[in-house]
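K.L.:
Structure supplied as model_10.cif; contents: mmCIF, C-alpha atoms and all ligand atoms.
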data_entry
loop_
_atom_site.group_PDB
_atom_site.id
_atom_site.type_symbol
_atom_site.label_atom_id
_atom_site.label_comp_id
_atom_site.auth_asym_id
_atom_site.auth_seq_id
_atom_site.Cartn_x
_atom_site.Cartn_y
_atom_site.Cartn_z
ATOM 1 C CA MET A 463 102.422 120.453 84.111
ATOM 2 C CA ALA A 464 105.883 121.693 85.154
ATOM 3 C CA VAL A 465 107.215 120.421 88.470
ATOM 4 C CA SER A 466 108.221 123.381 90.607
ATOM 5 C CA TYR A 467 109.602 121.995 93.909
ATOM 6 C CA SER A 468 109.191 125.499 95.286
ATOM 7 C CA PHE A 469 109.067 124.176 98.845
ATOM 8 C CA ARG A 470 112.367 122.272 98.622
ATOM 9 C CA ASN A 471 114.190 125.072 100.437
ATOM 10 C CA VAL A 472 111.997 125.378 103.503
ATOM 11 C CA THR A 473 114.035 124.659 106.622
ATOM 12 C CA LYS A 474 111.165 122.897 108.404
ATOM 13 C CA VAL A 475 108.066 121.349 106.889
ATOM 14 C CA THR A 476 105.161 122.383 109.103
ATOM 15 C CA THR A 477 101.451 121.749 108.808
ATOM 16 C CA HIS A 478 101.204 125.305 107.385
ATOM 17 C CA VAL A 479 103.775 124.496 104.697
ATOM 18 C CA LEU A 480 101.697 121.443 103.705
ATOM 19 C CA GLN A 481 98.605 123.611 103.501
ATOM 20 C CA GLU A 482 100.438 126.066 101.240
ATOM 21 C CA MET A 483 101.652 123.186 99.072
ATOM 22 C CA LYS A 484 98.051 122.127 98.564
ATOM 23 C CA VAL A 485 97.006 125.670 97.635
ATOM 24 C CA LYS A 486 99.888 125.983 95.170
ATOM 25 C CA GLY A 487 99.286 122.516 93.716
ATOM 26 C CA GLU A 488 102.666 121.065 94.702
ATOM 27 C CA LYS A 489 102.371 117.370 95.485
ATOM 28 C CA ILE A 490 103.427 116.149 98.929
ATOM 29 C CA ALA A 491 105.884 113.228 99.188
ATOM 30 C CA MET A 492 105.654 111.022 102.273
ATOM 31 C CA LEU A 493 107.393 107.748 103.208
ATOM 32 C CA THR A 494 107.595 105.638 106.341
ATOM 33 C CA ALA A 495 110.715 105.163 108.467
ATOM 34 C CA TYR A 496 111.206 103.385 111.757
ATOM 35 C CA ASP A 497 114.879 103.854 112.602
ATOM 36 C CA PHE A 498 117.680 106.416 112.705
ATOM 37 C CA SER A 499 119.707 105.203 109.699
ATOM 38 C CA PHE A 500 116.875 105.105 107.173
ATOM 39 C CA ALA A 501 115.403 108.347 108.534
ATOM 40 C CA ARG A 502 118.768 110.046 108.002
ATOM 41 C CA ILE A 503 118.842 108.911 104.371
ATOM 42 C CA LEU A 504 115.247 110.094 103.824
ATOM 43 C CA GLU A 505 115.980 113.444 105.460
ATOM 44 C CA SER A 506 118.897 113.979 103.059
ATOM 45 C CA THR A 507 116.540 113.614 100.068
ATOM 46 C CA GLY A 508 114.181 116.435 100.990
ATOM 47 C CA ILE A 509 111.154 114.203 101.634
ATOM 48 C CA ASP A 510 108.259 116.280 103.008
ATOM 49 C CA ILE A 511 106.770 113.933 105.630
ATOM 50 C CA ILE A 512 108.236 110.914 107.429
ATOM 51 C CA LEU A 513 105.597 108.643 108.897
ATOM 52 C CA VAL A 514 106.592 106.401 111.785
ATOM 53 C CA GLY A 515 103.791 104.050 110.797
ATOM 54 C CA ASP A 516 102.413 101.226 112.889
ATOM 55 C CA SER A 517 103.378 99.195 109.807
ATOM 56 C CA ALA A 518 106.528 98.837 111.975
ATOM 57 C CA SER A 519 104.518 95.997 113.504
ATOM 58 C CA ASN A 520 104.766 94.112 110.170
ATOM 59 C CA VAL A 521 108.018 95.441 108.746
ATOM 60 C CA MET A 522 110.175 95.692 111.870
ATOM 61 C CA ALA A 523 108.655 93.122 114.221
ATOM 62 C CA GLY A 524 107.329 90.528 111.757
ATOM 63 C CA TYR A 525 103.733 90.429 112.997
ATOM 64 C CA SER A 526 101.009 89.687 110.434
ATOM 65 C CA SER A 527 99.004 92.811 111.321
ATOM 66 C CA THR A 528 99.513 96.266 112.819
ATOM 67 C CA LEU A 529 97.582 95.398 115.974
ATOM 68 C CA PRO A 530 100.274 94.027 118.302
ATOM 69 C CA ILE A 531 102.689 96.979 118.331
ATOM 70 C CA THR A 532 102.650 98.871 121.640
ATOM 71 C CA LEU A 533 102.825 102.549 122.533
ATOM 72 C CA ASN A 534 106.282 102.070 124.077
ATOM 73 C CA GLU A 535 107.520 100.374 120.901
ATOM 74 C CA MET A 536 106.123 103.203 118.738
ATOM 75 C CA ILE A 537 107.851 105.745 120.995
ATOM 76 C CA TYR A 538 111.133 103.841 120.607
ATOM 77 C CA HIS A 539 110.847 103.879 116.793
ATOM 78 C CA ALA A 540 109.688 107.514 116.727
ATOM 79 C CA SER A 541 112.506 108.832 118.898
ATOM 80 C CA SER A 542 115.080 107.022 116.732
ATOM 81 C CA VAL A 543 113.595 108.726 113.649
ATOM 82 C CA VAL A 544 113.337 112.151 115.282
ATOM 83 C CA ARG A 545 117.062 112.079 116.173
ATOM 84 C CA ALA A 546 117.847 111.936 112.429
ATOM 85 C CA VAL A 547 115.423 114.570 111.181
ATOM 86 C CA LYS A 548 115.369 118.364 111.140
ATOM 87 C CA ARG A 549 113.426 119.356 108.025
ATOM 88 C CA ALA A 550 110.747 116.746 107.367
ATOM 89 C CA LEU A 551 107.520 116.709 109.369
ATOM 90 C CA VAL A 552 107.567 113.581 111.560
ATOM 91 C CA VAL A 553 104.137 111.992 112.062
ATOM 92 C CA VAL A 554 103.651 109.013 114.380
ATOM 93 C CA ASP A 555 100.802 106.484 114.333
ATOM 94 C CA LEU A 556 98.858 106.085 117.552
ATOM 95 C CA PRO A 557 98.847 102.284 117.862
ATOM 96 C CA PHE A 558 95.753 100.114 118.136
ATOM 97 C CA GLY A 559 94.120 100.190 121.559
ATOM 98 C CA THR A 560 95.590 103.496 122.689
ATOM 99 C CA TYR A 561 92.855 105.888 121.502
ATOM 100 C CA GLN A 562 89.675 104.041 120.470
ATOM 101 C CA GLY A 563 86.787 104.450 122.870
ATOM 102 C CA ASN A 564 88.423 106.556 125.546
ATOM 103 C CA SER A 565 89.360 110.131 124.736
ATOM 104 C CA LYS A 566 91.276 110.665 127.988
ATOM 105 C CA GLU A 567 93.474 107.662 127.246
ATOM 106 C CA ALA A 568 93.823 108.919 123.665
ATOM 107 C CA LEU A 569 95.093 112.264 124.894
ATOM 108 C CA ASN A 570 97.553 110.590 127.292
ATOM 109 C CA SER A 571 98.853 108.386 124.456
ATOM 110 C CA ALA A 572 99.314 111.360 122.141
ATOM 111 C CA ILE A 573 101.032 113.381 124.871
ATOM 112 C CA ARG A 574 103.430 110.506 125.580
ATOM 113 C CA ILE A 575 104.350 110.286 121.882
ATOM 114 C CA MET A 576 104.934 114.025 121.574
ATOM 115 C CA LYS A 577 106.835 114.373 124.879
ATOM 116 C CA GLU A 578 108.937 111.217 124.755
ATOM 117 C CA SER A 579 109.780 111.100 121.036
ATOM 118 C CA GLY A 580 109.846 114.759 119.999
ATOM 119 C CA ALA A 581 107.636 114.062 116.955
ATOM 120 C CA ASP A 582 105.607 116.789 115.237
ATOM 121 C CA ALA A 583 102.164 115.162 114.937
ATOM 122 C CA VAL A 584 100.151 111.968 115.418
ATOM 123 C CA LYS A 585 98.032 109.943 112.996
ATOM 124 C CA MET A 586 94.792 108.133 113.894
ATOM 125 C CA GLU A 587 92.594 105.719 111.932
ATOM 126 C CA GLY A 588 88.853 106.308 111.642
ATOM 127 C CA GLY A 589 86.205 109.028 111.374
ATOM 128 C CA LYS A 590 83.053 109.607 113.383
ATOM 129 C CA GLU A 591 83.805 106.721 115.794
ATOM 130 C CA ILE A 592 86.986 108.371 117.087
ATOM 131 C CA ILE A 593 86.059 112.042 116.747
ATOM 132 C CA GLU A 594 85.896 112.658 120.508
ATOM 133 C CA SER A 595 89.498 111.466 120.847
ATOM 134 C CA VAL A 596 90.568 113.527 117.826
ATOM 135 C CA ASP A 597 88.943 116.656 119.315
ATOM 136 C CA ARG A 598 90.551 116.151 122.699
ATOM 137 C CA ILE A 599 94.037 115.655 121.232
ATOM 138 C CA LEU A 600 93.656 118.676 118.949
ATOM 139 C CA SER A 601 92.486 120.833 121.835
ATOM 140 C CA ALA A 602 95.763 120.036 123.611
ATOM 141 C CA GLY A 603 97.589 121.603 120.659
ATOM 142 C CA ILE A 604 98.748 118.346 119.085
ATOM 143 C CA PRO A 605 98.426 118.233 115.277
ATOM 144 C CA VAL A 606 96.430 115.228 114.034
ATOM 145 C CA MET A 607 96.528 113.503 110.645
ATOM 146 C CA GLY A 608 93.463 111.367 109.889
ATOM 147 C CA HIS A 609 93.416 108.008 108.073
ATOM 148 C CA LEU A 610 90.351 106.753 106.153
ATOM 149 C CA GLY A 611 89.528 104.072 103.599
ATOM 150 C CA LEU A 612 91.414 100.873 104.335
ATOM 151 C CA THR A 613 92.292 101.216 107.996
ATOM 152 C CA PRO A 614 94.582 98.281 108.867
ATOM 153 C CA GLN A 615 93.852 98.496 112.609
ATOM 154 C CA SER A 616 90.249 97.418 111.822
ATOM 155 C CA ILE A 617 91.258 94.430 109.698
ATOM 156 C CA HIS A 618 89.427 91.980 111.962
ATOM 157 C CA LYS A 619 86.190 93.917 111.486
ATOM 158 C CA PHE A 620 86.449 93.921 107.677
ATOM 159 C CA GLY A 621 88.226 90.600 107.262
ATOM 160 C CA THR A 622 90.037 91.528 104.028
ATOM 161 C CA TYR A 623 92.412 94.092 102.541
ATOM 162 C CA VAL A 624 90.261 94.703 99.405
ATOM 163 C CA VAL A 625 89.568 98.181 97.988
ATOM 164 C CA ARG A 626 87.307 100.229 100.294
ATOM 165 C CA ALA A 627 84.418 102.660 99.625
ATOM 166 C CA THR A 628 83.366 101.012 96.372
ATOM 167 C CA THR A 629 79.625 101.253 97.146
ATOM 168 C CA GLU A 630 77.706 104.523 97.206
ATOM 169 C CA SER A 631 76.947 104.289 100.916
ATOM 170 C CA GLU A 632 80.569 103.531 101.859
ATOM 171 C CA ALA A 633 81.766 106.400 99.683
ATOM 172 C CA ALA A 634 79.237 108.747 101.312
ATOM 173 C CA LYS A 635 80.413 107.642 104.782
ATOM 174 C CA LEU A 636 84.046 108.237 103.812
ATOM 175 C CA PHE A 637 83.168 111.719 102.533
ATOM 176 C CA GLU A 638 81.269 112.497 105.732
ATOM 177 C CA ASP A 639 84.178 111.282 107.897
ATOM 178 C CA ALA A 640 86.668 113.335 105.870
ATOM 179 C CA ARG A 641 84.556 116.487 106.301
ATOM 180 C CA LEU A 642 84.244 115.785 110.023
ATOM 181 C CA LEU A 643 88.008 115.363 110.454
ATOM 182 C CA GLU A 644 88.634 118.585 108.535
ATOM 183 C CA LYS A 645 86.049 120.441 110.634
ATOM 184 C CA SER A 646 87.671 119.175 113.834
ATOM 185 C CA GLY A 647 90.983 120.645 112.727
ATOM 186 C CA CYS A 648 93.012 117.722 111.342
ATOM 187 C CA PHE A 649 95.817 119.114 109.173
ATOM 188 C CA ALA A 650 95.757 116.282 106.590
ATOM 189 C CA ILE A 651 94.172 112.888 105.927
ATOM 190 C CA VAL A 652 95.643 109.668 104.524
ATOM 191 C CA LEU A 653 93.267 107.893 102.114
ATOM 192 C CA GLU A 654 94.152 104.225 101.714
ATOM 193 C CA LYS A 655 93.048 101.886 98.906
ATOM 194 C CA ILE A 656 89.914 103.579 97.575
ATOM 195 C CA PRO A 657 88.748 104.259 93.987
ATOM 196 C CA ALA A 658 90.866 106.956 92.310
ATOM 197 C CA LYS A 659 87.809 108.977 91.320
ATOM 198 C CA LEU A 660 86.634 109.170 94.930
ATOM 199 C CA GLY A 661 90.129 110.168 96.096
ATOM 200 C CA GLY A 662 90.140 113.041 93.601
ATOM 201 C CA LYS A 663 86.652 114.158 94.606
ATOM 202 C CA VAL A 664 87.519 114.284 98.325
ATOM 203 C CA ALA A 665 90.797 116.108 97.605
ATOM 204 C CA ARG A 666 88.971 118.713 95.521
ATOM 205 C CA GLU A 667 86.270 119.307 98.103
ATOM 206 C CA LEU A 668 88.445 119.505 101.207
ATOM 207 C CA LYS A 669 90.837 122.362 101.918
ATOM 208 C CA ILE A 670 93.352 120.240 103.860
ATOM 209 C CA PRO A 671 95.836 117.958 102.024
ATOM 210 C CA LEU A 672 94.725 114.399 101.185
ATOM 211 C CA ILE A 673 97.637 111.951 100.981
ATOM 212 C CA GLY A 674 96.923 108.772 99.055
ATOM 213 C CA ILE A 675 98.179 105.209 99.234
ATOM 214 C CA GLY A 676 96.255 103.489 96.481
ATOM 215 C CA ALA A 677 93.880 106.471 96.173
ATOM 216 C CA GLY A 678 94.820 107.537 92.652
ATOM 217 C CA ALA A 679 96.722 110.450 91.166
ATOM 218 C CA GLU A 680 94.326 113.297 91.905
ATOM 219 C CA VAL A 681 95.003 113.530 95.632
ATOM 220 C CA ASP A 682 97.476 116.052 97.056
ATOM 221 C CA GLY A 683 100.333 113.694 97.810
ATOM 222 C CA GLN A 684 101.420 110.058 98.038
ATOM 223 C CA VAL A 685 102.732 107.788 100.760
ATOM 224 C CA LEU A 686 104.312 104.324 100.549
ATOM 225 C CA VAL A 687 105.892 102.003 103.080
ATOM 226 C CA LEU A 688 109.658 102.466 102.605
ATOM 227 C CA HIS A 689 110.547 98.781 102.828
ATOM 228 C CA ASP A 690 107.932 97.938 100.167
ATOM 229 C CA MET A 691 109.031 100.607 97.680
ATOM 230 C CA LEU A 692 112.714 99.700 98.138
ATOM 231 C CA GLY A 693 112.017 96.013 97.527
ATOM 232 C CA ILE A 694 113.171 94.886 100.969
ATOM 233 C CA THR A 695 109.788 93.271 101.665
ATOM 234 C CA MET A 696 108.790 91.203 98.630
ATOM 235 C CA GLU A 697 105.710 89.247 99.748
ATOM 236 C CA PHE A 698 103.332 92.239 99.523
ATOM 237 C CA SER A 699 102.387 93.357 95.981
ATOM 238 C CA PRO A 700 99.218 95.457 95.785
ATOM 239 C CA ARG A 701 98.552 97.300 92.528
ATOM 240 C CA PHE A 702 99.357 100.695 94.075
ATOM 241 C CA LEU A 703 102.870 99.675 95.085
ATOM 242 C CA ARG A 704 105.611 100.855 92.736
ATOM 243 C CA ARG A 705 108.900 99.161 93.592
ATOM 244 C CA TYR A 706 111.807 101.536 92.975
ATOM 245 C CA HIS A 707 114.483 99.015 93.863
ATOM 246 C CA ASN A 708 115.153 95.363 94.523
ATOM 247 C CA LEU A 709 117.154 95.890 97.673
ATOM 248 C CA SER A 710 116.572 92.413 99.103
ATOM 249 C CA GLU A 711 118.425 90.912 96.073
ATOM 250 C CA GLU A 712 121.231 93.483 96.435
ATOM 251 C CA ILE A 713 121.596 92.757 100.140
ATOM 252 C CA LYS A 714 121.612 89.004 99.490
ATOM 253 C CA GLY A 715 124.298 89.495 96.804
ATOM 254 C CA ALA A 716 126.463 91.518 99.188
ATOM 255 C CA VAL A 717 126.080 88.971 102.005
ATOM 256 C CA ASP A 718 126.843 86.076 99.606
ATOM 257 C CA SER A 719 130.066 87.847 98.572
ATOM 258 C CA TYR A 720 130.976 88.428 102.231
ATOM 259 C CA ILE A 721 130.451 84.757 103.083
ATOM 260 C CA SER A 722 132.425 83.560 100.112
ATOM 261 C CA ASP A 723 135.288 86.039 100.839
ATOM 262 C CA ILE A 724 135.546 84.667 104.386
ATOM 263 C CA LYS A 725 135.424 81.034 103.295
ATOM 264 C CA SER A 726 138.004 81.587 100.564
ATOM 265 C CA LEU A 727 140.353 83.463 102.961
ATOM 266 C CA ASN A 728 139.957 86.591 100.842
ATOM 267 C CA PHE A 729 138.664 88.711 103.769
ATOM 268 C CA PRO A 730 140.322 90.396 105.569
ATOM 269 C CA ASN A 731 143.256 91.198 103.292
ATOM 270 C CA GLU A 732 146.582 92.807 104.319
ATOM 271 C CA ARG A 733 145.149 96.357 104.317
ATOM 272 C CA GLU A 734 142.161 95.380 106.397
ATOM 273 C CA GLN A 735 144.102 94.340 109.489
ATOM 274 C CA TYR A 736 146.353 95.936 112.150
HETATM 275 O O1 LIG B 801 101.433 102.419 109.099
HETATM 276 C C1 LIG B 801 101.640 102.851 107.959
HETATM 277 O O2 LIG B 801 102.679 102.628 107.346
HETATM 278 C C2 LIG B 801 100.571 103.630 107.337
HETATM 279 C C3 LIG B 801 100.707 103.922 105.882
HETATM 280 C C4 LIG B 801 100.346 102.731 105.101
HETATM 281 C C5 LIG B 801 99.920 105.114 105.482
HETATM 282 O O3 LIG B 801 99.625 103.986 107.971
#
In structure tokens, write the structure found in this file.
P.N.:
Amino acid sequence: MAVSYSFRNVTKVTTHVLQEMKVKGEKIAMLTAYDFSFARILESTGIDIILVGDSASNVMAGYSSTLPITLNEMIYHASSVVRAVKRALVVVDLPFGTYQGNSKEALNSAIRIMKESGADAVKMEGGKEIIESVDRILSAGIPVMGHLGLTPQSIHKFGTYVVRATTESEAAKLFEDARLLEKSGCFAIVLEKIPAKLGGKVARELKIPLIGIGAGAEVDGQVLVLHDMLGITMEFSPRFLRRYHNLSEEIKGAVDSYISDIKSLNFPNEREQY
């Protein structure tokens, strides 16, 4: 099938643009970013969605899960990204503990993200269990992206990062949750680490875009963690991760050269001083 990129020229990617992309069969490209400099590079490429993921907890802060990152820290990352971006849709994860179980608190958290960072939308993990919070946030006019399948904020409940929804009952629950999120008014859903066939089935049944990370090729778009796909983080190698670069080696090479130039009195040279 020919690649059209017919939406490359839109001046702002909105939730409506994403909906149109789904209808026209143009795949959606999404990556994470957590700071101004990387967000500026991503924005210059014409990426459709930038996710300020709570994976910042792992990638930026060095925690072993996404649970510790706070709302204030997410707002800090999100506002740095927003300052670099005009065209891409900026989606921000509501961090663990700021929306589960209390829809009023969920709304306050979402409002703080939108007001203090200037982002375009929020993302929340879960289905039926969080639907009251999703409804309340949506009714305040804040666009919500869902997240089903492997939901890293629930890692302590599941105990492992293995593929999700492999049994019939889990797959049925995922389908039900996806329908519920669509009915509530979510504009898109991330599907993480589920069988490719199931990903395709959900994407075909639902009208809103389904963005996959380890959910196969038949969904409406793909998302990866930027630092993983650039080869900055090397310890994480799931099957779905395609590494487009080996940036950690390149950075090490550059720093090695810098150190050796200093030690050998080769830096700074005549032209590099006043
Ligand atoms: O936090 C994140 O980076 C995410 C992606 C893995 C979808 O939620």
K.L.:
Taking only C-alpha atoms and all ligand atoms into account, which residues have an atom no farther than 6 Å from ligand LIG 801 (chain B)? I'd like them as a PDB file with C-alpha atoms, in the frame of the given file.
P.N.:
ATOM      1  CA  THR A 494     107.595 105.638 106.341  1.00  0.00           C
ATOM      2  CA  GLY A 515     103.791 104.050 110.797  1.00  0.00           C
ATOM      3  CA  ASP A 516     102.413 101.226 112.889  1.00  0.00           C
ATOM      4  CA  SER A 517     103.378  99.195 109.807  1.00  0.00           C
ATOM      5  CA  VAL A 687     105.892 102.003 103.080  1.00  0.00           C
TER       6      VAL A 687
END
K.L.:
Would you compute the distance between atom CA of A:Met576 and atom CA of A:Gly683? Give it in Å to one decimal.
P.N.:
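Separating atom CA of A:Met576 from atom CA of A:Gly683 is a distance of 24.2 Å.
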K.L.:
Could you pull out every residue with an atom within 12 Å of (97.9, 95.2, 115.0), file coordinates, counting only C-alpha atoms, and send them as an MDAnalysis selection string?
P.N.:
chainID A and resid 515:521 523:533 555:560 613:618
K.L.:
Taking the file as I've supplied it (selection: the PyMOL selection byres (((chain A and resi 545) around 10) and not hetatm)), which residues are included? Please answer as a PyMOL selection string.
P.N.:
chain A and resi 497-499+501-502+540-544+546-548+579-581
K.L.:
Would you translate the PyMOL selection byres (((chain A and resi 699-701) around 10) and not hetatm) into the concrete set of residues it matches in this file, as a PyMOL selection string?
P.N.:
chain A and resi 623-624+655+676+690-691+695-698+702-705
K.L.:
When the PyMOL selection byres (((chain A and resi 486) around 12) and not hetatm) is applied to the file above, which residues end up in the set, as a list in words?
P.N.:
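Selected by the PyMOL selection byres (((chain A and resi 486) around 12) and not hetatm) here: Val465, Ser466, Tyr467, Ser468, Phe469, Val479, Leu480, Gln481, Glu482, Met483, Lys484, Val485, Gly487, Glu488, Lys489, Ile490, Lys669, Pro671 and Asp682 of chain A.
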K.L.:
Which residues come within 12 Å of A:Thr477, counting only C-alpha atoms, excluding same-chain residues fewer than 2 positions away, as a ChimeraX atom specification?
P.N.:
/A:474-475,479-484,490,510-511,550-553,582-584,604-607,647-651,670-671
K.L.:
So how far away is atom CA of A:Glu638 from atom CA of A:Gly608, in Å?
P.N.:
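Atom CA of A:Gly608 sits 12.9 Å away from atom CA of A:Glu638.
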K.L.:
Considering all atoms listed in the file, state which residue in the set A:Asp639, A:Glu591, A:Val685, A:Val625 is at the smallest distance from A:Val652.
P.N.:
A:Val685
K.L.:
Considering all atoms listed in the file, can you say which of A:Leu600, A:Leu513, A:Leu636, A:Ala491 comes closest to A:Val681?
P.N.:
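Looking at the shortest contact to A:Val681, the residue is A:Ala491.
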K.L.:
Given the choices A:Glu505, A:Glu630, A:Glu654, A:Glu732, which gets closest to A:Leu686 if the distance is worked out from all atoms listed in the file?
P.N.:
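Checking each candidate against A:Leu686, we get A:Glu654 as the closest.
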K.L.:
Please indicate the distance in Å from atom CA of A:Arg626 to atom CA of A:Leu612, rounded to one decimal place.
P.N.:
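Rounded to one decimal, the two atoms are 5.8 Å apart.
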K.L.:
Near A:Leu668, within 9 Å and counting all atoms listed in the file, which residues show up once chain neighbours fewer than 6 positions away are dropped, as a list of chain:residue names?
P.N.:
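Residues meeting the cut-off are A:Ala640, A:Arg641, A:Glu644.
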K.L.:
Between A:Ser571, A:Val472, A:Ser646, A:Leu692, which is the closest to A:Asn534 once you count only C-alpha atoms?
P.N.:
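Looking only at the distances to A:Asn534, the closest residue turns out to be A:Ser571.
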K.L.:
Box for stretch 539-546 of chain A: with edges along x, y and z, all listed atoms inside and 8 Å added on each side, what are the centre and edge lengths in Å to one decimal, as AutoDock Vina command-line options?
P.N.:
--center_x 113.8 --center_y 108.0 --center_z 115.7 --size_x 24.2 --size_y 24.3 --size_z 22.5
K.L.:
When distances are computed from only C-alpha atoms, which of A:His707, A:Lys725, A:Arg598, A:Arg549 shows the smallest separation from A:Ile573?
P.N.:
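Of the candidates, the smallest distance to A:Ile573 is held by A:Arg598.
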K.L.:
Check the smallest atom-to-atom distance from each of A:Ile575, A:Leu569, A:Val514, A:Val554 to A:Asp597 using all atoms listed in the file, then report the winner.
P.N.:
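Of A:Ile575, A:Leu569, A:Val514, A:Val554, the one nearest A:Asp597 is A:Leu569, counting all atoms listed in the file.
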K.L.:
List as a PyMOL selection string the protein and nucleic acid residues near stretch 708-719 of chain A, meaning an atom at most 7 Å away when all atoms listed in the file are counted, but skip any in the same chain fewer than 2 places from it.
P.N.:
chain A and resi 692-694+721-723
